[in-house]
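*Asks:* Below is the file upload.pdb, with PDB, C-alpha atoms, pLDDT in the B column.
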```pdb
MODEL        1
ATOM      1  CA  ILE A  30      39.477 -57.241 -77.583  1.00 91.00           C
ATOM      2  CA  GLU A  31      42.450 -59.484 -78.367  1.00 87.00           C
ATOM      3  CA  GLY A  32      43.136 -57.353 -81.437  1.00 92.00           C
ATOM      4  CA  PRO A  33      39.927 -57.064 -83.499  1.00 94.00           C
ATOM      5  CA  GLN A  34      37.152 -54.670 -82.600  1.00 95.00           C
ATOM      6  CA  CYS A  35      34.193 -55.935 -80.601  1.00 95.00           C
ATOM      7  CA  THR A  36      30.968 -54.119 -81.465  1.00 95.00           C
ATOM      8  CA  ILE A  37      28.058 -53.908 -79.037  1.00 94.00           C
ATOM      9  CA  GLY A  38      24.856 -52.220 -80.214  1.00 92.00           C
ATOM     10  CA  CYS A  39      22.032 -51.450 -77.780  1.00 90.00           C
ATOM     11  CA  PHE A  40      18.371 -50.682 -78.450  1.00 86.00           C
ATOM     12  CA  VAL A  41      16.364 -50.202 -75.221  1.00 86.00           C
ATOM     13  CA  ASP A  42      16.674 -53.675 -73.617  1.00 83.00           C
ATOM     14  CA  ASP A  43      18.023 -55.510 -76.687  1.00 87.00           C
ATOM     15  CA  THR A  44      21.726 -55.942 -77.408  1.00 88.00           C
ATOM     16  CA  GLN A  45      23.722 -57.157 -80.401  1.00 88.00           C
ATOM     17  CA  ILE A  46      27.313 -58.286 -79.895  1.00 92.00           C
ATOM     18  CA  SER A  47      29.768 -59.158 -82.666  1.00 90.00           C
ATOM     19  CA  HIS A  48      33.421 -60.230 -82.730  1.00 93.00           C
ATOM     20  CA  VAL A  49      35.456 -62.420 -85.082  1.00 91.00           C
ATOM     21  CA  ARG A  50      36.040 -64.890 -82.228  1.00 93.00           C
ATOM     22  CA  THR A  51      32.913 -66.562 -80.837  1.00 92.00           C
ATOM     23  CA  GLU A  52      34.566 -67.179 -77.474  1.00 94.00           C
ATOM     24  CA  VAL A  53      34.940 -63.412 -76.949  1.00 95.00           C
ATOM     25  CA  VAL A  54      31.189 -63.002 -77.501  1.00 95.00           C
ATOM     26  CA  SER A  55      30.571 -65.812 -74.995  1.00 95.00           C
ATOM     27  CA  GLU A  56      32.766 -64.072 -72.407  1.00 95.00           C
ATOM     28  CA  ILE A  57      30.867 -60.799 -72.810  1.00 95.00           C
ATOM     29  CA  ILE A  58      27.507 -62.579 -72.520  1.00 95.00           C
ATOM     30  CA  ALA A  59      28.702 -64.288 -69.331  1.00 96.00           C
ATOM     31  CA  LEU A  60      29.885 -60.934 -67.947  1.00 94.00           C
ATOM     32  CA  LEU A  61      26.523 -59.290 -68.683  1.00 93.00           C
ATOM     33  CA  GLU A  62      24.581 -62.173 -67.136  1.00 94.00           C
ATOM     34  CA  SER A  63      26.748 -62.077 -64.008  1.00 96.00           C
ATOM     35  CA  ASN A  64      25.585 -58.474 -63.502  1.00 94.00           C
ATOM     36  CA  PHE A  65      22.021 -58.512 -64.850  1.00 91.00           C
ATOM     37  CA  GLY A  66      20.845 -62.133 -64.664  1.00 93.00           C
ATOM     38  CA  LYS A  67      20.007 -64.732 -67.282  1.00 93.00           C
ATOM     39  CA  MET A  68      19.268 -63.342 -70.773  1.00 91.00           C
ATOM     40  CA  THR A  69      17.556 -64.735 -73.852  1.00 91.00           C
ATOM     41  CA  VAL A  70      20.406 -65.232 -76.347  1.00 93.00           C
ATOM     42  CA  THR A  71      20.419 -66.193 -80.023  1.00 92.00           C
ATOM     43  CA  ARG A  72      23.664 -67.059 -81.779  1.00 92.00           C
ATOM     44  CA  GLY A  73      24.593 -67.532 -85.422  1.00 89.00           C
ATOM     45  CA  ALA A  74      23.486 -66.033 -88.725  1.00 90.00           C
ATOM     46  CA  LYS A  75      19.724 -65.785 -88.129  1.00 92.00           C
ATOM     47  CA  HIS A  76      18.037 -63.519 -85.579  1.00 90.00           C
ATOM     48  CA  ALA A  77      14.548 -62.221 -84.794  1.00 87.00           C
ATOM     49  CA  PHE A  78      14.570 -58.578 -83.673  1.00 83.00           C
ATOM     50  CA  LEU A  79      11.664 -56.108 -83.302  1.00 80.00           C
ATOM     51  CA  GLY A  80       9.501 -57.951 -85.813  1.00 83.00           C
ATOM     52  CA  MET A  81      12.379 -58.390 -88.261  1.00 88.00           C
ATOM     53  CA  GLU A  82      13.959 -61.671 -89.343  1.00 91.00           C
ATOM     54  CA  ILE A  83      17.619 -60.819 -89.971  1.00 91.00           C
ATOM     55  CA  GLU A  84      19.988 -63.214 -91.717  1.00 93.00           C
ATOM     56  CA  TYR A  85      23.709 -62.591 -92.272  1.00 90.00           C
ATOM     57  CA  HIS A  86      25.249 -64.202 -95.344  1.00 91.00           C
ATOM     58  CA  GLY A  87      28.798 -65.330 -95.907  1.00 85.00           C
ATOM     59  CA  ASP A  88      29.353 -62.808 -98.730  1.00 89.00           C
ATOM     60  CA  GLY A  89      29.209 -59.762 -96.445  1.00 86.00           C
ATOM     61  CA  THR A  90      25.508 -59.053 -97.008  1.00 91.00           C
ATOM     62  CA  ALA A  91      22.468 -59.349 -94.786  1.00 92.00           C
ATOM     63  CA  SER A  92      18.765 -59.724 -95.538  1.00 93.00           C
ATOM     64  CA  ILE A  93      15.851 -58.322 -93.539  1.00 92.00           C
ATOM     65  CA  HIS A  94      12.522 -60.086 -93.794  1.00 90.00           C
ATOM     66  CA  MET A  95       9.221 -59.221 -92.023  1.00 89.00           C
ATOM     67  CA  PRO A  96       6.569 -61.762 -93.123  1.00 87.00           C
ATOM     68  CA  SER A  97       4.768 -62.024 -89.760  1.00 84.00           C
ATOM     69  CA  TYR A  98       4.563 -58.242 -89.358  1.00 81.00           C
ATOM     70  CA  ILE A  99       3.250 -57.847 -92.909  1.00 83.00           C
ATOM     71  CA  GLN A 100       0.718 -60.625 -92.272  1.00 82.00           C
ATOM     72  CA  GLU A 101      -0.534 -58.725 -89.202  1.00 81.00           C
ATOM     73  CA  ALA A 102      -1.245 -55.704 -91.397  1.00 78.00           C
ATOM     74  CA  ILE A 103      -3.004 -57.909 -93.972  1.00 74.00           C
ATOM     75  CA  ASN A 104      -5.082 -59.578 -91.257  1.00 75.00           C
ATOM     76  CA  ALA A 105      -6.104 -56.173 -89.905  1.00 68.00           C
ATOM     77  CA  CYS A 106      -7.488 -55.335 -93.349  1.00 61.00           C
ATOM     78  CA  SER A 107     -10.462 -57.655 -92.953  1.00 53.00           C
ATOM     79  CA  GLY A 108     -14.126 -56.909 -92.227  1.00 43.00           C
ATOM     80  CA  MET A 109     -15.353 -53.334 -92.619  1.00 38.00           C
ATOM     81  CA  LEU A 110     -12.168 -52.055 -94.216  1.00 32.00           C
ATOM     82  CA  LEU A 111     -12.796 -54.041 -97.388  1.00 31.00           C
ATOM     83  CA  LYS A 112     -16.526 -53.193 -97.637  1.00 38.00           C
ATOM     84  CA  VAL A 113     -16.587 -50.099 -99.816  1.00 35.00           C
ATOM     85  CA  ASP A 114     -19.527 -47.712 -99.451  1.00 43.00           C
ATOM     86  CA  PRO A 115     -19.866 -45.904-102.813  1.00 48.00           C
ATOM     87  CA  VAL A 116     -22.298 -43.359-101.333  1.00 54.00           C
ATOM     88  CA  SER A 117     -20.002 -41.726 -98.797  1.00 48.00           C
ATOM     89  CA  PRO A 118     -16.605 -40.396 -99.932  1.00 72.00           C
ATOM     90  CA  LEU A 119     -15.253 -40.292 -96.354  1.00 91.00           C
ATOM     91  CA  LEU A 120     -14.750 -43.371 -94.212  1.00 91.00           C
ATOM     92  CA  GLU A 121     -16.797 -43.610 -91.032  1.00 91.00           C
ATOM     93  CA  SER A 122     -14.910 -43.356 -87.744  1.00 93.00           C
ATOM     94  CA  LYS A 123     -14.114 -47.047 -87.132  1.00 93.00           C
ATOM     95  CA  ARG A 124     -12.895 -47.682 -90.689  1.00 92.00           C
ATOM     96  CA  ALA A 125     -10.886 -44.453 -90.621  1.00 94.00           C
ATOM     97  CA  GLN A 126      -9.202 -45.591 -87.394  1.00 95.00           C
ATOM     98  CA  THR A 127      -8.417 -48.980 -88.943  1.00 94.00           C
ATOM     99  CA  PHE A 128      -7.020 -47.239 -92.030  1.00 95.00           C
ATOM    100  CA  HIS A 129      -4.791 -45.084 -89.812  1.00 96.00           C
ATOM    101  CA  SER A 130      -3.644 -48.095 -87.758  1.00 95.00           C
ATOM    102  CA  ILE A 131      -2.663 -50.165 -90.799  1.00 95.00           C
ATOM    103  CA  VAL A 132      -0.800 -47.268 -92.430  1.00 96.00           C
ATOM    104  CA  ALA A 133       1.131 -46.740 -89.170  1.00 95.00           C
ATOM    105  CA  LYS A 134       2.039 -50.444 -89.095  1.00 94.00           C
ATOM    106  CA  LEU A 135       3.221 -50.328 -92.704  1.00 95.00           C
ATOM    107  CA  ILE A 136       5.409 -47.279 -91.973  1.00 94.00           C
ATOM    108  CA  TYR A 137       7.510 -49.534 -89.733  1.00 93.00           C
ATOM    109  CA  VAL A 138       7.622 -52.256 -92.402  1.00 94.00           C
ATOM    110  CA  GLY A 139       8.607 -49.722 -95.083  1.00 94.00           C
ATOM    111  CA  ALA A 140      11.330 -48.168 -92.956  1.00 91.00           C
ATOM    112  CA  ARG A 141      12.889 -51.481 -91.939  1.00 91.00           C
ATOM    113  CA  ALA A 142      12.463 -54.068 -94.685  1.00 92.00           C
ATOM    114  CA  ARG A 143      10.204 -53.038 -97.585  1.00 94.00           C
ATOM    115  CA  THR A 144      11.457 -49.754 -98.966  1.00 94.00           C
ATOM    116  CA  ASP A 145       9.644 -50.553-102.229  1.00 93.00           C
ATOM    117  CA  ILE A 146       6.333 -49.404-100.667  1.00 93.00           C
ATOM    118  CA  LEU A 147       7.611 -46.032 -99.437  1.00 93.00           C
ATOM    119  CA  LEU A 148       6.142 -44.069-102.348  1.00 89.00           C
ATOM    120  CA  ALA A 149       2.654 -45.436-101.707  1.00 88.00           C
ATOM    121  CA  LEU A 150       3.070 -44.875 -97.969  1.00 90.00           C
ATOM    122  CA  GLY A 151       4.197 -41.306 -98.568  1.00 87.00           C
ATOM    123  CA  PHE A 152       0.809 -40.666-100.139  1.00 86.00           C
ATOM    124  CA  LEU A 153      -1.259 -42.707 -97.682  1.00 88.00           C
ATOM    125  CA  CYS A 154       0.330 -40.939 -94.711  1.00 89.00           C
ATOM    126  CA  SER A 155      -0.956 -37.654 -96.069  1.00 86.00           C
ATOM    127  CA  ARG A 156      -4.506 -39.091 -96.091  1.00 88.00           C
ATOM    128  CA  VAL A 157      -4.871 -40.492 -92.564  1.00 92.00           C
ATOM    129  CA  SER A 158      -6.587 -37.392 -91.147  1.00 90.00           C
ATOM    130  CA  ALA A 159      -9.609 -37.806 -93.462  1.00 87.00           C
ATOM    131  CA  PRO A 160      -9.326 -41.020 -95.507  1.00 93.00           C
ATOM    132  CA  THR A 161     -11.772 -41.691 -98.325  1.00 91.00           C
ATOM    133  CA  GLU A 162     -12.960 -44.905 -99.898  1.00 89.00           C
ATOM    134  CA  GLN A 163     -10.530 -44.322-102.747  1.00 88.00           C
ATOM    135  CA  ASP A 164      -7.681 -44.149-100.193  1.00 90.00           C
ATOM    136  CA  GLU A 165      -8.953 -47.384 -98.694  1.00 90.00           C
ATOM    137  CA  LYS A 166      -8.746 -49.079-102.095  1.00 88.00           C
ATOM    138  CA  LYS A 167      -5.172 -47.828-102.534  1.00 89.00           C
ATOM    139  CA  LEU A 168      -4.235 -49.234 -99.120  1.00 93.00           C
ATOM    140  CA  LYS A 169      -5.815 -52.551-100.080  1.00 91.00           C
ATOM    141  CA  ARG A 170      -3.725 -52.536-103.274  1.00 90.00           C
ATOM    142  CA  VAL A 171      -0.533 -52.095-101.225  1.00 92.00           C
ATOM    143  CA  LEU A 172      -1.532 -54.979 -98.937  1.00 93.00           C
ATOM    144  CA  GLU A 173      -2.290 -57.204-101.928  1.00 92.00           C
ATOM    145  CA  TYR A 174       1.149 -56.385-103.345  1.00 92.00           C
ATOM    146  CA  LEU A 175       2.782 -57.239-100.000  1.00 93.00           C
ATOM    147  CA  ARG A 176       0.876 -60.505 -99.809  1.00 92.00           C
ATOM    148  CA  GLY A 177       2.148 -61.455-103.259  1.00 92.00           C
ATOM    149  CA  THR A 178       5.761 -60.543-102.420  1.00 93.00           C
ATOM    150  CA  MET A 179       5.825 -61.755 -98.798  1.00 90.00           C
ATOM    151  CA  ASP A 180       9.084 -63.664 -99.286  1.00 88.00           C
ATOM    152  CA  MET A 181      11.069 -60.765-100.780  1.00 90.00           C
ATOM    153  CA  PRO A 182      13.597 -59.513 -98.185  1.00 91.00           C
ATOM    154  CA  LEU A 183      15.709 -56.364 -98.163  1.00 92.00           C
ATOM    155  CA  GLN A 184      19.299 -57.274 -99.081  1.00 92.00           C
ATOM    156  CA  LEU A 185      21.993 -55.089 -97.491  1.00 93.00           C
ATOM    157  CA  GLY A 186      25.772 -55.075 -97.777  1.00 93.00           C
ATOM    158  CA  ALA A 187      28.749 -52.945 -98.725  1.00 92.00           C
ATOM    159  CA  ASP A 188      31.481 -53.094-101.341  1.00 87.00           C
ATOM    160  CA  SER A 189      33.408 -50.549 -99.260  1.00 88.00           C
ATOM    161  CA  LEU A 190      32.619 -48.434 -96.202  1.00 88.00           C
ATOM    162  CA  ASN A 191      34.736 -45.629 -97.682  1.00 91.00           C
ATOM    163  CA  HIS A 192      32.490 -44.960-100.684  1.00 91.00           C
ATOM    164  CA  PHE A 193      28.738 -44.555-100.789  1.00 92.00           C
ATOM    165  CA  MET A 194      26.310 -43.439-103.456  1.00 95.00           C
ATOM    166  CA  THR A 195      23.208 -41.286-103.129  1.00 96.00           C
ATOM    167  CA  TRP A 196      20.291 -40.467-105.417  1.00 96.00           C
ATOM    168  CA  VAL A 197      17.779 -37.678-104.776  1.00 96.00           C
ATOM    169  CA  ASP A 198      14.981 -36.391-106.987  1.00 95.00           C
ATOM    170  CA  ALA A 199      11.598 -34.702-106.736  1.00 91.00           C
ATOM    171  CA  SER A 200       8.381 -34.601-108.735  1.00 87.00           C
ATOM    172  CA  PHE A 201       6.973 -31.097-108.927  1.00 88.00           C
ATOM    173  CA  ALA A 202       3.396 -30.321-107.795  1.00 85.00           C
ATOM    174  CA  VAL A 203       2.126 -33.886-108.169  1.00 82.00           C
ATOM    175  CA  HIS A 204      -0.215 -33.858-105.159  1.00 82.00           C
ATOM    176  CA  HIS A 205      -3.791 -32.539-105.224  1.00 79.00           C
ATOM    177  CA  ASP A 206      -2.783 -29.526-103.087  1.00 82.00           C
ATOM    178  CA  MET A 207       0.050 -28.764-105.548  1.00 84.00           C
ATOM    179  CA  ARG A 208       2.778 -29.944-103.211  1.00 85.00           C
ATOM    180  CA  SER A 209       5.765 -31.821-104.591  1.00 87.00           C
ATOM    181  CA  HIS A 210       7.140 -35.229-103.666  1.00 88.00           C
ATOM    182  CA  THR A 211      10.775 -35.994-102.804  1.00 92.00           C
ATOM    183  CA  GLY A 212      12.587 -39.343-102.843  1.00 93.00           C
ATOM    184  CA  GLY A 213      16.136 -40.410-102.108  1.00 96.00           C
ATOM    185  CA  VAL A 214      18.402 -43.414-101.476  1.00 96.00           C
ATOM    186  CA  ILE A 215      21.822 -43.792 -99.842  1.00 96.00           C
ATOM    187  CA  SER A 216      23.694 -47.016-100.543  1.00 95.00           C
ATOM    188  CA  PHE A 217      27.076 -48.664-100.064  1.00 93.00           C
ATOM    189  CA  ARG A 218      26.337 -50.289-103.450  1.00 88.00           C
ATOM    190  CA  ARG A 219      24.401 -53.249-102.007  1.00 90.00           C
ATOM    191  CA  GLY A 220      20.869 -52.243-101.094  1.00 91.00           C
ATOM    192  CA  GLY A 221      19.599 -48.921 -99.770  1.00 93.00           C
ATOM    193  CA  ILE A 222      20.614 -48.311 -96.153  1.00 92.00           C
ATOM    194  CA  ILE A 223      18.574 -45.074 -96.041  1.00 94.00           C
ATOM    195  CA  CYS A 224      15.523 -44.661 -98.269  1.00 95.00           C
ATOM    196  CA  LYS A 225      13.030 -41.786 -98.161  1.00 94.00           C
ATOM    197  CA  SER A 226       9.892 -40.940-100.066  1.00 92.00           C
ATOM    198  CA  LYS A 227       7.904 -38.009 -98.718  1.00 89.00           C
ATOM    199  CA  LYS A 228       5.368 -35.397 -99.655  1.00 88.00           C
ATOM    200  CA  GLN A 229       6.966 -31.976 -99.215  1.00 89.00           C
ATOM    201  CA  ASN A 230       5.643 -29.948 -96.296  1.00 89.00           C
ATOM    202  CA  THR A 231       5.269 -26.668 -98.158  1.00 88.00           C
ATOM    203  CA  ASN A 232       4.410 -25.448-101.623  1.00 84.00           C
ATOM    204  CA  THR A 233       7.435 -24.285-103.573  1.00 68.00           C
ATOM    205  CA  LYS A 234       8.092 -22.553-106.843  1.00 67.00           C
TER     206      LYS A 234
ENDMDL
END
```
Starting from the coordinates I provided, produce the structure as structure tokens.
*Replies:*
Amino acid sequence: IEGPQCTIGCFVDDTQISHVRTEVVSEIIALLESNFGKMTVTRGAKHAFLGMEIEYHGDGTASIHMPSYIQEAINACSGMLLKVDPVSPLLESKRAQTFHSIVAKLIYVGARARTDILLALGFLCSRVSAPTEQDEKKLKRVLEYLRGTMDMPLQLGADSLNHFMTWVDASFAVHHDMRSHTGGVISFRRGGIICKSKKQNTNTK
């Protein structure tokens, strides 16, 4: 539009519009509202989106922060979840459900803003079907770490969109059922845009 590219990204009923000229963005917003009615619009460098606080910096990088979403997971870890029963190795039904719920919440946090917890989540995800009190303590440890690093965002950017770097490795037979664990990162040299840490599905030689 008027030379430079205008980018419009859609996710269900949310839309992100970017162009070097702010008046072009305003024209597109007006066009959308003329067809679909008044929208909730945020402009500038800071945005709240799907539980994420996204801030664009002037140096070509962006940071993703999720303090409120992390706090929700920490708040859910109150009551029975923190009362360890040393007699029974398996969690009773309600605590097991809470364990599963918190791990599911943290999967979203890990995938979007806190890739530093993916290794722990990779293990905890493999335990949700029958969590033990030891698993509960490990989950509590992750939540304590998140509480202590609540203000640490994920920084993303790119030196060049033509060159990216990737790292992949695996630890052999480190799980109790002798399965291995794989991890990997893809980056445009400023933060990991794709990060994975996962227990392998099958046993391998």
*Asks:* Would you kindly return, as a compact mmCIF listing (two decimals) with C-alpha atoms, in the frame of the given file, each protein, DNA or RNA residue with an atom no farther than 12 Å from any atom of region 147-149 of chain A, considering only C-alpha atoms and excluding same-chain residues fewer than 2 positions away?
*Replies:*
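Output saved as selection.txt:
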```txt
# COMPACT_ATOMS: atom_id res chain seq x y z
CA VAL A 132 -0.80 -47.27 -92.43
CA LEU A 135 3.22 -50.33 -92.70
CA ILE A 136 5.41 -47.28 -91.97
CA TYR A 137 7.51 -49.53 -89.73
CA VAL A 138 7.62 -52.26 -92.40
CA GLY A 139 8.61 -49.72 -95.08
CA ALA A 140 11.33 -48.17 -92.96
CA ARG A 141 12.89 -51.48 -91.94
CA ALA A 142 12.46 -54.07 -94.68
CA ARG A 143 10.20 -53.04 -97.58
CA THR A 144 11.46 -49.75 -98.97
CA ASP A 145 9.64 -50.55 -102.23
CA GLY A 151 4.20 -41.31 -98.57
CA PHE A 152 0.81 -40.67 -100.14
CA LEU A 153 -1.26 -42.71 -97.68
CA CYS A 154 0.33 -40.94 -94.71
CA SER A 155 -0.96 -37.65 -96.07
CA ARG A 156 -4.51 -39.09 -96.09
CA ASP A 164 -7.68 -44.15 -100.19
CA LYS A 166 -8.75 -49.08 -102.10
CA LYS A 167 -5.17 -47.83 -102.53
CA LEU A 168 -4.24 -49.23 -99.12
CA LYS A 169 -5.82 -52.55 -100.08
CA ARG A 170 -3.72 -52.54 -103.27
CA VAL A 171 -0.53 -52.10 -101.22
CA LEU A 172 -1.53 -54.98 -98.94
CA TYR A 174 1.15 -56.38 -103.34
CA LEU A 175 2.78 -57.24 -100.00
CA ALA A 199 11.60 -34.70 -106.74
CA SER A 200 8.38 -34.60 -108.74
CA HIS A 210 7.14 -35.23 -103.67
CA THR A 211 10.78 -35.99 -102.80
CA GLY A 212 12.59 -39.34 -102.84
CA GLY A 213 16.14 -40.41 -102.11
CA VAL A 214 18.40 -43.41 -101.48
CA ILE A 223 18.57 -45.07 -96.04
CA CYS A 224 15.52 -44.66 -98.27
CA LYS A 225 13.03 -41.79 -98.16
CA SER A 226 9.89 -40.94 -100.07
CA LYS A 227 7.90 -38.01 -98.72
CA LYS A 228 5.37 -35.40 -99.66
```
*Asks:* Identify which of the residues A:His129, A:Arg50, A:Arg176, A:Arg219 lies closest to Tyr98 (chain A), counting only C-alpha atoms when measuring atom-to-atom distances.
*Replies:*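 Counting only C-alpha atoms, the residue closest to Tyr98 (chain A) is A:Arg176.
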*Asks:* The PyMOL selection byres ((chain A and resi 216) around 10) - which residues does that actually catch in the file I just gave you? List them as a list in words.
*Replies:*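 Written out, the selection comes to Leu185, Gly186, Ala187, Asp188, His192, Phe193, Met194, Thr195, Trp196, Val214, Ile215, Phe217, Arg218, Arg219, Gly220, Gly221, Ile222, Ile223 and Cys224 of chain A.
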*Asks:* Which residues match the PyMOL selection byres ((chain A and resi 44) around 12) in the file above, as a count of residues only?
*Replies:* 22
*Asks:* What is the distance between CA of Glu84 (chain A) and CA of Ile131 (chain A), in Å to one decimal?
*Replies:*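 Interatomic distance here is 26.2 Å.
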*Asks:* As an exercise, work out the distance from CA of Ala133 (chain A) to CA of Ala74 (chain A) in Å and give it to one decimal place.
*Replies:* 29.5 Å
*Asks:* Starting from the incomplete input, reconstruct N, CA, C and O atoms of region 127-139 of chain A and write that as a tab-separated table (two decimals), keeping the file's coordinate frame.
*Replies:*
```
chain	number	residue	atom	x	y	z
A	127	THR	N	-9.11	-47.79	-88.44
A	127	THR	CA	-8.42	-48.98	-88.94
A	127	THR	C	-7.44	-48.61	-90.05
A	127	THR	O	-6.32	-49.11	-90.11
A	128	PHE	N	-7.89	-47.74	-90.95
A	128	PHE	CA	-7.02	-47.24	-92.03
A	128	PHE	C	-5.75	-46.64	-91.43
A	128	PHE	O	-4.63	-46.96	-91.84
A	129	HIS	N	-5.92	-45.76	-90.44
A	129	HIS	CA	-4.79	-45.08	-89.81
A	129	HIS	C	-3.86	-46.10	-89.15
A	129	HIS	O	-2.63	-46.02	-89.26
A	130	SER	N	-4.43	-47.08	-88.46
A	130	SER	CA	-3.64	-48.10	-87.76
A	130	SER	C	-2.80	-48.93	-88.72
A	130	SER	O	-1.62	-49.19	-88.46
A	131	ILE	N	-3.39	-49.34	-89.83
A	131	ILE	CA	-2.66	-50.16	-90.80
A	131	ILE	C	-1.55	-49.36	-91.46
A	131	ILE	O	-0.44	-49.86	-91.65
A	132	VAL	N	-1.84	-48.12	-91.82
A	132	VAL	CA	-0.80	-47.27	-92.43
A	132	VAL	C	0.37	-47.10	-91.47
A	132	VAL	O	1.54	-47.18	-91.85
A	133	ALA	N	0.07	-46.89	-90.17
A	133	ALA	CA	1.13	-46.74	-89.17
A	133	ALA	C	1.97	-48.01	-89.07
A	133	ALA	O	3.20	-47.96	-88.96
A	134	LYS	N	1.32	-49.17	-89.15
A	134	LYS	CA	2.04	-50.44	-89.10
A	134	LYS	C	2.95	-50.60	-90.32
A	134	LYS	O	4.09	-51.05	-90.21
A	135	LEU	N	2.44	-50.19	-91.48
A	135	LEU	CA	3.22	-50.33	-92.70
A	135	LEU	C	4.39	-49.34	-92.75
A	135	LEU	O	5.38	-49.60	-93.43
A	136	ILE	N	4.28	-48.22	-92.04
A	136	ILE	CA	5.41	-47.28	-91.97
A	136	ILE	C	6.63	-47.99	-91.39
A	136	ILE	O	7.76	-47.84	-91.88
A	137	TYR	N	6.41	-48.79	-90.35
A	137	TYR	CA	7.51	-49.53	-89.73
A	137	TYR	C	8.07	-50.57	-90.71
A	137	TYR	O	9.29	-50.72	-90.84
A	138	VAL	N	7.18	-51.27	-91.41
A	138	VAL	CA	7.62	-52.26	-92.40
A	138	VAL	C	8.43	-51.57	-93.50
A	138	VAL	O	9.51	-52.05	-93.89
A	139	GLY	N	7.92	-50.44	-94.01
A	139	GLY	CA	8.61	-49.72	-95.08
A	139	GLY	C	9.96	-49.19	-94.67
A	139	GLY	O	10.92	-49.21	-95.45
```
